[in-house]
Amino acid sequence: MNSAILYNLARFILLLAAQILVFNNLNFLGFINPYPYLLFILLFPVNGNKYALLGASFLLGIIMTIASQIFSLYTPKLISKSFMVIEDFYKNGLSSQAVKAELIHNIVWVLITTLIAGVLRFLMRQTLIVMSRHVEFDLKNEVFKHYEVLDQNFYKRNRTGDLMNRISEDVAKVRQYVGPALMYSI
């Protein structure tokens, strides 16, 4: 296996492990977590294996999609917990200070989890859509290179509009399948 691939794979695993083990436990201002694993895409050599970068971007986008959905699941649970606190206040005579503190705590956590889910959703969209645009660009270039080597008889038999449609619309449909369709299906 190529040593550059192993090096980049090790760097990705190291950055992801640092995120999970260290940076998820750091809270700047009580709620801001740094995301160093995104450095993998920034540090990936441009002249390196483009397909490995696309695959890593795809996997990173799917991981962020799942994480975003997990954070989105906390909001209904916190709202349910808030209703239970209010119910305990009326039924069991819970003190108003305790209710107020618990409700403020739940509201803050709803805001934090919603913000994290929104940031992850934004990063997911950026990662997957940019990756799909790269796939579209490569496919269009391959189709165009193939068009360049075809003989004139091919162009006499086929209409120019059909050929242009293949290089634009058909490739765009593939891009939509690779990026947005997969993103929304998760």
# chains A, B, ... in the order shown; residues from 1 in each chain; ligands from 1

$ residues_around --residues "stretch 173-176 of chain A" --least-positions-apart "6" --cutoff "10 Å" --atoms "only C-alpha atoms" --output "PyMOL selection string"
chain A and resi 129+131-137+139+182-183

$ write_last_selection --atoms "C-alpha atoms" --output "compact mmCIF listing (two decimals), in the first residue's frame"
# COMPACT_ATOMS: atom_id res chain seq x y z
CA ILE A 129 -22.10 18.89 -1.55
CA MET A 131 -17.55 16.35 -2.60
CA SER A 132 -20.40 15.81 -5.07
CA ARG A 133 -19.33 18.90 -7.04
CA HIS A 134 -15.83 17.43 -7.35
CA VAL A 135 -17.36 14.18 -8.64
CA GLU A 136 -19.44 16.16 -11.15
CA PHE A 137 -16.37 18.09 -12.32
CA LEU A 139 -17.22 13.17 -14.68
CA LEU A 182 -27.40 10.29 0.02
CA MET A 183 -27.32 13.16 2.50

$ select_by_dssp --residues "stretch 2-186 of chain A" --states "alpha helix (DSSP H)" --output "PyMOL selection string"
chain A and resi 3-21+39-43+50-92+96-149+152-157+160-165+171-176+182-185

$ closest_residue --among "A:Gln126, A:Ile79, A:Ala172, A:Ser95" --to "A:Val108" --atoms "only C-alpha atoms"
A:Ile79

$ residues_around --residues "stretch 110-114 of chain A" --least-positions-apart "2" --cutoff "8 Å" --atoms "only C-alpha atoms" --output "PyMOL selection string"
chain A and resi 31+71-72+74-75+78-79+106-108+116-118

$ closest_residue --among "A:Ile104, A:Leu128, A:Leu123, A:Ile86" --to "A:Ala181" --atoms "only C-alpha atoms"
A:Leu128

$ closest_residue --among "A:Gln97, A:Val85, A:Lys77, A:Leu60" --to "A:Trp109" --atoms "only C-alpha atoms"
A:Lys77

$ residues_around --residues "stretch 142-151 of chain A" --least-positions-apart "6" --cutoff "12 Å" --atoms "only C-alpha atoms" --output "PyMOL selection string"
chain A and resi 135-136+157-158+160+163-168+170-171

$ atom_distance --atom1 "atom CA of A:Met124" --atom2 "atom CA of A:Ile62"
7.3 Å
